$ cat final.csv   # CSV, C-alpha atoms
chain,number,residue,atom,x,y,z
A,8,MET,CA,-10.2,-28.3,-21.8
A,9,ARG,CA,-8.3,-29.0,-18.6
A,10,THR,CA,-6.8,-25.8,-17.1
A,11,PRO,CA,-3.0,-26.2,-16.9
A,12,ARG,CA,-1.4,-25.9,-13.5
A,13,ASN,CA,0.2,-22.6,-12.4
A,14,ASP,CA,3.6,-24.1,-12.2
A,15,GLN,CA,7.1,-23.5,-13.7
A,16,LEU,CA,7.6,-23.9,-17.4
A,17,SER,CA,9.4,-27.2,-17.9
A,18,GLU,CA,12.2,-27.7,-20.5
A,19,THR,CA,9.7,-29.9,-22.4
A,20,ASP,CA,7.2,-27.1,-22.5
A,21,ARG,CA,9.9,-24.7,-23.8
A,22,ALA,CA,11.0,-27.2,-26.5
A,23,LYS,CA,7.4,-27.9,-27.6
A,24,GLY,CA,6.6,-24.2,-27.7
A,25,ARG,CA,8.5,-24.0,-31.0
A,26,GLY,CA,6.4,-26.9,-32.5
A,27,HIS,CA,2.7,-27.6,-32.7
A,28,HIS,CA,2.0,-27.6,-28.9
A,29,VAL,CA,2.0,-24.2,-27.2
A,30,PRO,CA,1.9,-24.4,-23.3
A,31,GLU,CA,-0.9,-22.5,-21.8
A,32,ARG,CA,-1.4,-21.1,-18.3
A,33,ARG,CA,-4.3,-19.6,-16.4
A,34,CYS,CA,-4.3,-16.0,-15.1
A,35,VAL,CA,-5.1,-16.0,-11.4
A,36,ILE,CA,-6.8,-12.7,-11.7
A,37,THR,CA,-9.1,-13.1,-14.7
A,38,GLY,CA,-9.3,-16.9,-14.8
A,39,GLU,CA,-8.6,-16.8,-18.6
A,40,THR,CA,-6.2,-19.3,-20.2
A,41,SER,CA,-3.6,-18.0,-22.6
A,42,PRO,CA,-0.2,-19.1,-24.1
A,43,ALA,CA,2.4,-19.0,-21.3
A,44,GLU,CA,4.7,-16.8,-23.4
A,45,GLN,CA,2.1,-14.0,-23.3
A,46,LEU,CA,1.8,-14.1,-19.5
A,47,VAL,CA,4.0,-13.2,-16.5
A,48,ARG,CA,5.0,-15.7,-13.9
A,49,LEU,CA,5.0,-14.8,-10.2
A,50,ALA,CA,7.2,-17.0,-8.1
A,51,LEU,CA,7.0,-17.8,-4.4
A,52,GLY,CA,10.5,-17.2,-2.9
A,53,PRO,CA,12.0,-19.1,0.0
A,54,ASP,CA,11.4,-16.1,2.2
A,55,GLY,CA,7.7,-16.3,1.5
A,56,SER,CA,7.6,-13.2,-0.8
A,57,ILE,CA,6.1,-13.0,-4.2
A,58,ALA,CA,8.5,-11.9,-7.0
A,59,PRO,CA,8.2,-11.5,-10.8
A,60,ASP,CA,9.8,-14.2,-12.8
A,61,VAL,CA,9.4,-13.0,-16.4
A,62,HIS,CA,11.7,-15.7,-17.8
A,63,GLY,CA,9.7,-18.5,-16.1
A,64,LYS,CA,12.8,-20.1,-14.7
A,65,ALA,CA,12.7,-19.5,-11.0
A,66,PRO,CA,12.5,-22.8,-8.9
A,67,GLY,CA,9.6,-23.6,-6.7
A,68,ARG,CA,5.9,-22.8,-6.9
A,69,GLY,CA,4.5,-20.0,-9.0
A,70,ALA,CA,1.4,-18.6,-10.6
A,71,TRP,CA,0.6,-16.5,-13.7
A,72,ILE,CA,-1.0,-13.2,-14.6
A,73,GLY,CA,-2.2,-11.9,-17.9
A,74,VAL,CA,-3.3,-8.4,-17.1
A,75,ASP,CA,-1.7,-4.9,-17.5
A,76,ARG,CA,-0.2,-3.0,-14.6
A,77,ALA,CA,-3.3,-0.9,-13.9
A,78,ALA,CA,-5.5,-4.0,-13.6
A,79,LEU,CA,-2.9,-5.8,-11.5
A,80,GLU,CA,-2.7,-2.9,-9.0
A,81,THR,CA,-6.4,-2.7,-8.8
A,82,ALA,CA,-6.7,-6.4,-8.1
A,83,GLN,CA,-3.9,-6.1,-5.5
A,84,ALA,CA,-5.7,-3.2,-3.8
A,85,LYS,CA,-9.0,-5.1,-3.7
A,86,GLY,CA,-7.4,-8.4,-2.4
A,87,LYS,CA,-8.3,-10.3,-5.6
A,88,LEU,CA,-4.6,-10.9,-6.4
A,89,LYS,CA,-4.0,-12.4,-3.0
A,90,GLY,CA,-7.0,-14.6,-3.3
A,91,GLY,CA,-6.0,-15.9,-6.7
A,92,LEU,CA,-2.5,-16.6,-5.6
A,93,ALA,CA,-3.6,-18.4,-2.5
A,94,ARG,CA,-5.8,-20.7,-4.6
A,95,ALA,CA,-3.0,-21.3,-7.2
A,96,LEU,CA,-0.3,-21.9,-4.6
A,97,HIS,CA,-2.5,-23.7,-2.1
A,98,ASP,CA,-1.0,-21.5,0.5
A,99,GLY,CA,-2.0,-18.2,2.0
A,100,GLN,CA,1.2,-17.5,3.8
A,101,PHE,CA,3.0,-15.2,1.5
A,102,ILE,CA,3.9,-11.5,1.1
A,103,ILE,CA,3.0,-9.4,-1.9
A,104,PRO,CA,5.3,-6.4,-2.2
A,105,ASP,CA,3.5,-3.1,-2.6
A,106,ASP,CA,5.6,-2.2,-5.6
A,107,LEU,CA,5.0,-5.5,-7.4
A,108,GLY,CA,3.7,-3.7,-10.6
A,109,ALA,CA,6.8,-1.6,-10.8
A,110,ARG,CA,9.1,-4.6,-10.3
A,111,ILE,CA,7.3,-6.5,-13.1
A,112,GLU,CA,7.6,-3.5,-15.4
A,113,ALA,CA,11.3,-3.2,-14.7
A,114,GLN,CA,12.0,-6.9,-15.3
A,115,LEU,CA,10.0,-6.8,-18.6
A,116,ALA,CA,12.0,-3.7,-19.7
A,117,ARG,CA,15.3,-5.4,-18.7
A,118,ALA,CA,14.4,-8.6,-20.5
A,119,THR,CA,13.6,-6.8,-23.8
A,120,LEU,CA,16.7,-4.6,-23.7
A,121,ASP,CA,18.9,-7.6,-22.8
A,122,ARG,CA,17.4,-9.5,-25.8
A,123,LEU,CA,18.2,-6.6,-28.0
A,124,GLY,CA,21.8,-6.6,-26.7
A,125,LEU,CA,22.1,-10.3,-27.4
A,126,GLU,CA,20.9,-9.8,-31.0
A,127,SER,CA,23.3,-6.9,-31.4
A,128,ARG,CA,26.2,-9.1,-30.3
A,129,SER,CA,25.1,-11.9,-32.5
A,130,GLY,CA,25.0,-9.7,-35.6
A,131,THR,CA,21.3,-9.8,-36.2
A,132,LEU,CA,20.7,-6.2,-35.2
A,133,ILE,CA,21.8,-3.1,-37.0
A,134,SER,CA,21.5,0.6,-36.1
A,135,GLY,CA,22.0,3.8,-37.9
A,136,SER,CA,19.7,5.3,-40.4
A,137,GLU,CA,21.9,4.8,-43.5
A,138,LYS,CA,22.6,1.2,-42.8
A,139,ILE,CA,19.0,0.4,-42.0
A,140,GLU,CA,17.7,2.2,-45.1
A,141,GLN,CA,20.1,0.2,-47.3
A,142,ALA,CA,19.1,-3.1,-45.7
A,143,ALA,CA,15.4,-2.2,-45.8
A,144,ARG,CA,15.5,-1.4,-49.5
A,145,ARG,CA,17.2,-4.8,-50.2
A,146,GLY,CA,14.4,-6.6,-48.3
A,147,GLN,CA,16.6,-7.6,-45.4
A,148,VAL,CA,14.7,-6.0,-42.5
A,149,ARG,CA,12.4,-8.3,-40.5
A,150,LEU,CA,11.6,-5.8,-37.7
A,151,LEU,CA,12.0,-2.1,-37.5
A,152,LEU,CA,12.3,-0.3,-34.1
A,153,HIS,CA,12.7,3.3,-33.0
A,154,ALA,CA,13.5,5.1,-29.7
A,155,ASN,CA,10.5,7.1,-28.4
A,156,ASP,CA,12.4,10.3,-29.0
A,157,ALA,CA,13.2,9.5,-32.6
A,158,GLY,CA,12.1,12.2,-35.1
A,159,GLU,CA,9.0,11.6,-37.1
A,160,ASP,CA,10.8,12.3,-40.4
A,161,GLY,CA,13.4,9.7,-39.7
A,162,ARG,CA,10.8,7.1,-38.8
A,163,LYS,CA,8.8,7.7,-41.9
A,164,LYS,CA,11.8,7.6,-44.2
A,165,LEU,CA,12.9,4.2,-42.9
A,166,ALA,CA,9.3,2.9,-42.9
A,167,GLN,CA,9.1,3.9,-46.6
A,168,ALA,CA,12.3,2.1,-47.4
A,169,TRP,CA,11.0,-1.0,-45.6
A,170,ARG,CA,7.8,-1.0,-47.6
A,171,VAL,CA,9.7,-0.6,-50.8
A,172,GLY,CA,12.1,-3.5,-50.0
A,173,GLU,CA,9.1,-5.7,-49.1
A,174,GLU,CA,7.2,-4.6,-52.2
A,175,ASP,CA,4.5,-3.5,-49.8
A,176,GLU,CA,4.1,0.1,-50.7
A,177,GLY,CA,0.7,1.6,-49.8
A,178,SER,CA,0.3,-0.7,-46.9
A,179,GLY,CA,1.0,1.9,-44.2
A,180,ARG,CA,3.4,-0.5,-42.4
A,181,GLU,CA,5.5,1.3,-39.9
A,182,GLY,CA,8.2,0.4,-37.3
A,183,LEU,CA,7.5,0.0,-33.6
A,184,VAL,CA,8.2,2.8,-31.2
A,185,LEU,CA,9.8,1.5,-28.1
A,186,PRO,CA,8.9,2.7,-24.6
A,187,VAL,CA,12.4,4.1,-24.0
A,188,ASP,CA,14.5,6.9,-25.4
A,189,ARG,CA,17.8,6.9,-27.3
A,190,ASN,CA,20.0,7.2,-24.2
A,191,THR,CA,18.5,4.1,-22.7
A,192,LEU,CA,18.8,2.2,-25.9
A,193,SER,CA,22.4,3.3,-26.4
A,194,MET,CA,23.4,2.2,-22.9
A,195,ALA,CA,21.7,-1.2,-23.3
A,196,LEU,CA,23.4,-1.9,-26.7
A,197,GLY,CA,26.8,-0.3,-25.9
A,198,ARG,CA,26.4,1.9,-29.0
A,199,GLU,CA,26.4,5.6,-29.5
A,200,ASN,CA,23.2,7.4,-30.4
A,201,ALA,CA,21.0,4.3,-31.0
A,202,VAL,CA,17.9,5.9,-32.3
A,203,HIS,CA,16.7,3.5,-35.0
A,204,LEU,CA,17.2,-0.3,-34.9
A,205,ALA,CA,16.5,-3.1,-37.4
A,206,ILE,CA,16.5,-6.9,-36.9
A,207,THR,CA,17.6,-8.7,-40.0
A,208,ASP,CA,16.8,-12.3,-39.0
A,209,ALA,CA,13.2,-13.6,-38.8
A,210,ARG,CA,13.6,-15.8,-35.8
A,211,ALA,CA,15.6,-13.0,-34.0
A,212,ALA,CA,12.8,-10.6,-34.7
A,213,ALA,CA,10.3,-13.1,-33.3
A,214,ARG,CA,12.4,-13.4,-30.1
A,215,VAL,CA,12.5,-9.6,-29.7
A,216,LEU,CA,8.8,-9.2,-30.4
A,217,ALA,CA,7.8,-11.8,-27.9
A,218,HIS,CA,9.5,-9.9,-25.1
A,219,LEU,CA,8.5,-6.5,-26.4
A,220,SER,CA,4.8,-7.3,-26.8
A,221,ARG,CA,4.6,-8.4,-23.1
A,222,TRP,CA,6.3,-5.2,-22.0
A,223,GLN,CA,4.1,-3.1,-24.2
A,224,PHE,CA,0.9,-4.8,-23.0
A,225,PHE,CA,1.8,-4.6,-19.3
A,226,THR,CA,2.6,-0.9,-19.5
A,227,GLY,CA,-0.3,-0.1,-21.9
A,228,TRP,CA,2.2,1.2,-24.5
A,229,SER,CA,0.9,-1.2,-27.1
A,230,ARG,CA,-2.3,0.9,-27.2
A,231,ASP,CA,-0.3,4.1,-28.1
A,232,ALA,CA,-1.1,5.6,-31.5
A,233,ALA,CA,2.6,5.3,-32.5
A,234,ASN,CA,2.3,1.5,-32.5
A,235,ARG,CA,-1.3,1.0,-33.5
A,236,ASP,CA,-0.7,0.8,-37.3
A,237,SER,CA,2.6,-1.2,-37.1
A,238,ASP,CA,2.8,-4.5,-38.9
A,239,PRO,CA,6.2,-6.1,-38.4
A,240,HIS,CA,6.2,-9.5,-40.2
A,241,ASP,CA,8.1,-11.7,-42.4
A,242,PRO,CA,5.9,-12.6,-45.4
A,243,SER,CA,8.2,-15.0,-47.2
A,244,SER,CA,11.4,-15.6,-45.2
A,245,GLY,CA,13.6,-18.6,-46.1
A,246,ASP,CA,13.0,-20.4,-42.8
A,247,GLY,CA,9.3,-20.0,-42.9
A,248,ALA,CA,9.0,-18.0,-39.7
A,249,GLU,CA,6.2,-15.5,-39.5
A,250,ILE,CA,5.9,-12.5,-37.2
A,251,GLY,CA,2.9,-10.3,-36.5
A,252,VAL,CA,1.1,-8.2,-34.0
A,253,GLY,CA,-2.4,-9.4,-33.0
A,254,PRO,CA,-5.4,-7.2,-32.4
A,255,ASP,CA,-4.7,-7.2,-28.7
A,256,GLY,CA,-1.1,-6.1,-29.2
A,257,THR,CA,0.4,-9.5,-28.4
A,258,ALA,CA,3.0,-11.2,-30.6
A,259,ALA,CA,2.1,-14.0,-32.9
A,260,SER,CA,5.3,-16.0,-33.3
A,261,ASP,CA,6.7,-19.4,-32.9
A,262,ALA,CA,9.7,-18.3,-30.9
A,263,PHE,CA,10.1,-17.0,-27.4

$ encode --input "final.csv" --output "structure tokens"
Amino acid sequence: MRTPRNDQLSETDRAKGRGHHVPERRCVITGETSPAEQLVRLALGPDGSIAPDVHGKAPGRGAWIGVDRAALETAQAKGKLKGGLARALHDGQFIIPDDLGARIEAQLARATLDRLGLESRSGTLISGSEKIEQAARRGQVRLLLHANDAGEDGRKKLAQAWRVGEEDEGSGREGLVLPVDRNTLSMALGRENAVHLAITDARAAARVLAHLSRWQFFTGWSRDAANRDSDPHDPSSGDGAEIGVGPDGTAASDAF
């Protein structure tokens, strides 16, 4: 298979990503090829500096990475990142900021929280234990999320309601614990005391999960025990979308 170039995602790629063709890119650190939506693009700026481009929209040349922050910073310290970027960009005249890993993590967090904000404004996100429990028991919840300081009892109660609504009792399915607390969530959504969240539309859930899985993977949060047994999916939605979490913690969805 031909290794795709490390360039910007085209509009054609983005459109095809929802169909049969999924654009792939090669990680400049590991050399492995993966779906572009699971990787992070690094863009070469006009000032010669390397900057994260988590939406894949920045103009000009770029390259892709598919490793977590720890691996990235190790590769950066050993010069492996610089070498991989030089080969991908066909140019060795660039500057890699010392805090690149922190910048990527901040952008991934912002992208996920912004996505949640957009879903909130579009009406596909609900918050509040009582509202979520009612929607869950009616089988209307596609993705269940919790702040990392949410109480265990509250998480279990909503997870149980979700399983009942999906006729999936005994499965052990639970919601995903986010890498942020209730205060951060509340500020991002413009709501008071946003502790528990639920997405009620399958495609909206896929969009959120696509951003969230990259954030979790990069920070290592996806390997936390709180997320290990989670199984957010849509077994039989009307539009046929299916959402899941793969064994490596990445999202399996047809939306980005």

$ closest_residue --input "final.csv" --among "A:Gln114, A:Leu107, A:Gly130, A:Leu88" --to "A:Gly63" --atoms "only C-alpha atoms"
A:Gln114

$ closest_residue --input "final.csv" --among "A:Asp106, A:Glu44, A:Asp156, A:Asp75" --to "A:His218" --atoms "all atoms listed in the file"
A:Glu44

$ closest_atom_pairs --input "final.csv" --of "stretch 69-156 of chain A" --to "stretch 200-203 of chain A" --cutoff "9 Å" --atoms "all atoms listed in the file" --output "tab-separated table"
residue	atom	partner	partner_atom	distance
A:Ile133	CA	A:His203	CA	8.6
A:Ser134	CA	A:His203	CA	5.7
A:Gly135	CA	A:His203	CA	6.0
A:Ser136	CA	A:His203	CA	6.4
A:Ile139	CA	A:His203	CA	8.0
A:Leu151	CA	A:His203	CA	7.7
A:Leu152	CA	A:His203	CA	5.9
A:His153	CA	A:His203	CA	4.5
A:Ala154	CA	A:Val202	CA	5.2
A:Asn155	CA	A:Val202	CA	8.5
A:Asp156	CA	A:Val202	CA	7.8

$ residues_near_point --input "final.csv" --point "(4.6, 1.3, -42.0)" --cutoff "7 Å" --atoms "only C-alpha atoms" --output "ChimeraX atom specification"
/A:166-167,170,178-182,237-238

$ residues_around --input "final.csv" --residues "A:Gln83" --least-positions-apart "3" --cutoff "10 Å" --atoms "only C-alpha atoms" --output "ChimeraX atom specification"
/A:36,77-80,86-90,103-105,107-108

$ atom_distance --input "final.csv" --atom1 "atom CA of A:Val171" --atom2 "atom CA of A:Ala212"
19.2 Å

$ atom_distance --input "final.csv" --atom1 "atom CA of A:Arg110" --atom2 "atom CA of A:Leu49"
11.0 Å

$ atom_distance --input "final.csv" --atom1 "atom CA of A:Ser41" --atom2 "atom CA of A:Val74"
11.1 Å

$ closest_residue --input "final.csv" --among "A:Asp54, A:Asp60, A:Glu176, A:Asp208" --to "A:Ile111" --atoms "all atoms listed in the file"
A:Asp60

$ residues_near_point --input "final.csv" --point "(-2.4, -16.9, -5.7)" --cutoff "12 Å" --atoms "all atoms listed in the file" --output "ChimeraX atom specification"
/A:12-14,33-38,48-51,56-57,68-72,82-83,86-103

$ closest_residue --input "final.csv" --among "A:Ala43, A:Gln141, A:Lys164, A:Leu125" --to "A:His28" --atoms "only C-alpha atoms"
A:Ala43

$ closest_residue --input "final.csv" --among "A:Val148, A:Leu132, A:Ala65, A:Ala113" --to "A:Gln223" --atoms "all atoms listed in the file"
A:Ala113

$ closest_residue --input "final.csv" --among "A:Arg117, A:Arg221, A:Lys138, A:His62" --to "A:Leu192" --atoms "only C-alpha atoms"
A:Arg117

$ residues_around --input "final.csv" --residues "A:Leu123" --least-positions-apart "2" --cutoff "9 Å" --atoms "only C-alpha atoms" --output "PyMOL selection string"
chain A and resi 118-121+125-128+132+195-196+215

$ residues_around --input "final.csv" --residues "A:Leu165" --least-positions-apart "4" --cutoff "7 Å" --atoms "all atoms listed in the file" --output "VMD selection string"
chain A and resid 140 161 169

$ build_atoms --input "final.csv" --residues "stretch 25-48 of chain A" --atoms "N, CA and C atoms" --output "short mmCIF file (atom, residue, chain, number, x, y, z; two decimals), keeping the file's coordinate frame"
data_model
loop_
_atom_site.label_atom_id
_atom_site.label_comp_id
_atom_site.auth_asym_id
_atom_site.auth_seq_id
_atom_site.Cartn_x
_atom_site.Cartn_y
_atom_site.Cartn_z
N ARG A 25 8.06 -24.36 -29.66
CA ARG A 25 8.50 -24.00 -31.00
C ARG A 25 7.85 -24.97 -32.03
N GLY A 26 7.07 -25.97 -31.54
CA GLY A 26 6.40 -26.90 -32.50
C GLY A 26 4.93 -26.65 -32.49
N HIS A 27 4.18 -27.75 -32.53
CA HIS A 27 2.70 -27.60 -32.70
C HIS A 27 2.08 -27.30 -31.32
N HIS A 28 2.64 -27.77 -30.23
CA HIS A 28 2.00 -27.60 -28.90
C HIS A 28 2.55 -26.26 -28.30
N VAL A 29 1.63 -25.43 -27.85
CA VAL A 29 2.00 -24.20 -27.20
C VAL A 29 1.47 -24.30 -25.73
N PRO A 30 2.36 -24.32 -24.73
CA PRO A 30 1.90 -24.40 -23.30
C PRO A 30 1.04 -23.25 -22.94
N GLU A 31 -0.02 -23.55 -22.21
CA GLU A 31 -0.90 -22.50 -21.80
C GLU A 31 -0.97 -22.48 -20.23
N ARG A 32 -1.27 -21.31 -19.69
CA ARG A 32 -1.40 -21.10 -18.30
C ARG A 32 -2.61 -20.25 -17.98
N ARG A 33 -3.13 -20.35 -16.77
CA ARG A 33 -4.30 -19.60 -16.40
C ARG A 33 -3.96 -18.39 -15.55
N CYS A 34 -4.51 -17.25 -15.91
CA CYS A 34 -4.30 -16.00 -15.10
C CYS A 34 -5.07 -16.13 -13.83
N VAL A 35 -4.41 -15.89 -12.71
CA VAL A 35 -5.10 -16.00 -11.40
C VAL A 35 -5.99 -14.87 -11.10
N ILE A 36 -5.95 -13.84 -11.92
CA ILE A 36 -6.80 -12.70 -11.70
C ILE A 36 -8.11 -12.79 -12.52
N THR A 37 -7.96 -13.07 -13.82
CA THR A 37 -9.10 -13.10 -14.70
C THR A 37 -9.68 -14.54 -14.87
N GLY A 38 -8.85 -15.55 -14.61
CA GLY A 38 -9.30 -16.90 -14.80
C GLY A 38 -9.17 -17.37 -16.27
N GLU A 39 -8.71 -16.49 -17.15
CA GLU A 39 -8.60 -16.80 -18.60
C GLU A 39 -7.29 -17.57 -18.85
N THR A 40 -7.34 -18.49 -19.79
CA THR A 40 -6.20 -19.30 -20.20
C THR A 40 -5.59 -18.74 -21.46
N SER A 41 -4.27 -18.55 -21.47
CA SER A 41 -3.60 -18.00 -22.60
C SER A 41 -2.22 -18.69 -22.77
N PRO A 42 -1.57 -18.55 -23.94
CA PRO A 42 -0.20 -19.10 -24.10
C PRO A 42 0.70 -18.52 -23.02
N ALA A 43 1.50 -19.39 -22.43
CA ALA A 43 2.40 -19.00 -21.30
C ALA A 43 3.30 -17.84 -21.70
N GLU A 44 3.73 -17.81 -22.97
CA GLU A 44 4.70 -16.80 -23.40
C GLU A 44 4.07 -15.39 -23.39
N GLN A 45 2.75 -15.30 -23.30
CA GLN A 45 2.10 -14.00 -23.30
C GLN A 45 1.82 -13.54 -21.82
N LEU A 46 2.07 -14.41 -20.85
CA LEU A 46 1.80 -14.10 -19.50
C LEU A 46 3.06 -13.82 -18.68
N VAL A 47 2.90 -13.41 -17.44
CA VAL A 47 4.00 -13.20 -16.50
C VAL A 47 3.90 -14.09 -15.34
N ARG A 48 4.97 -14.80 -15.05
CA ARG A 48 5.00 -15.70 -13.90
C ARG A 48 5.34 -14.97 -12.63
#
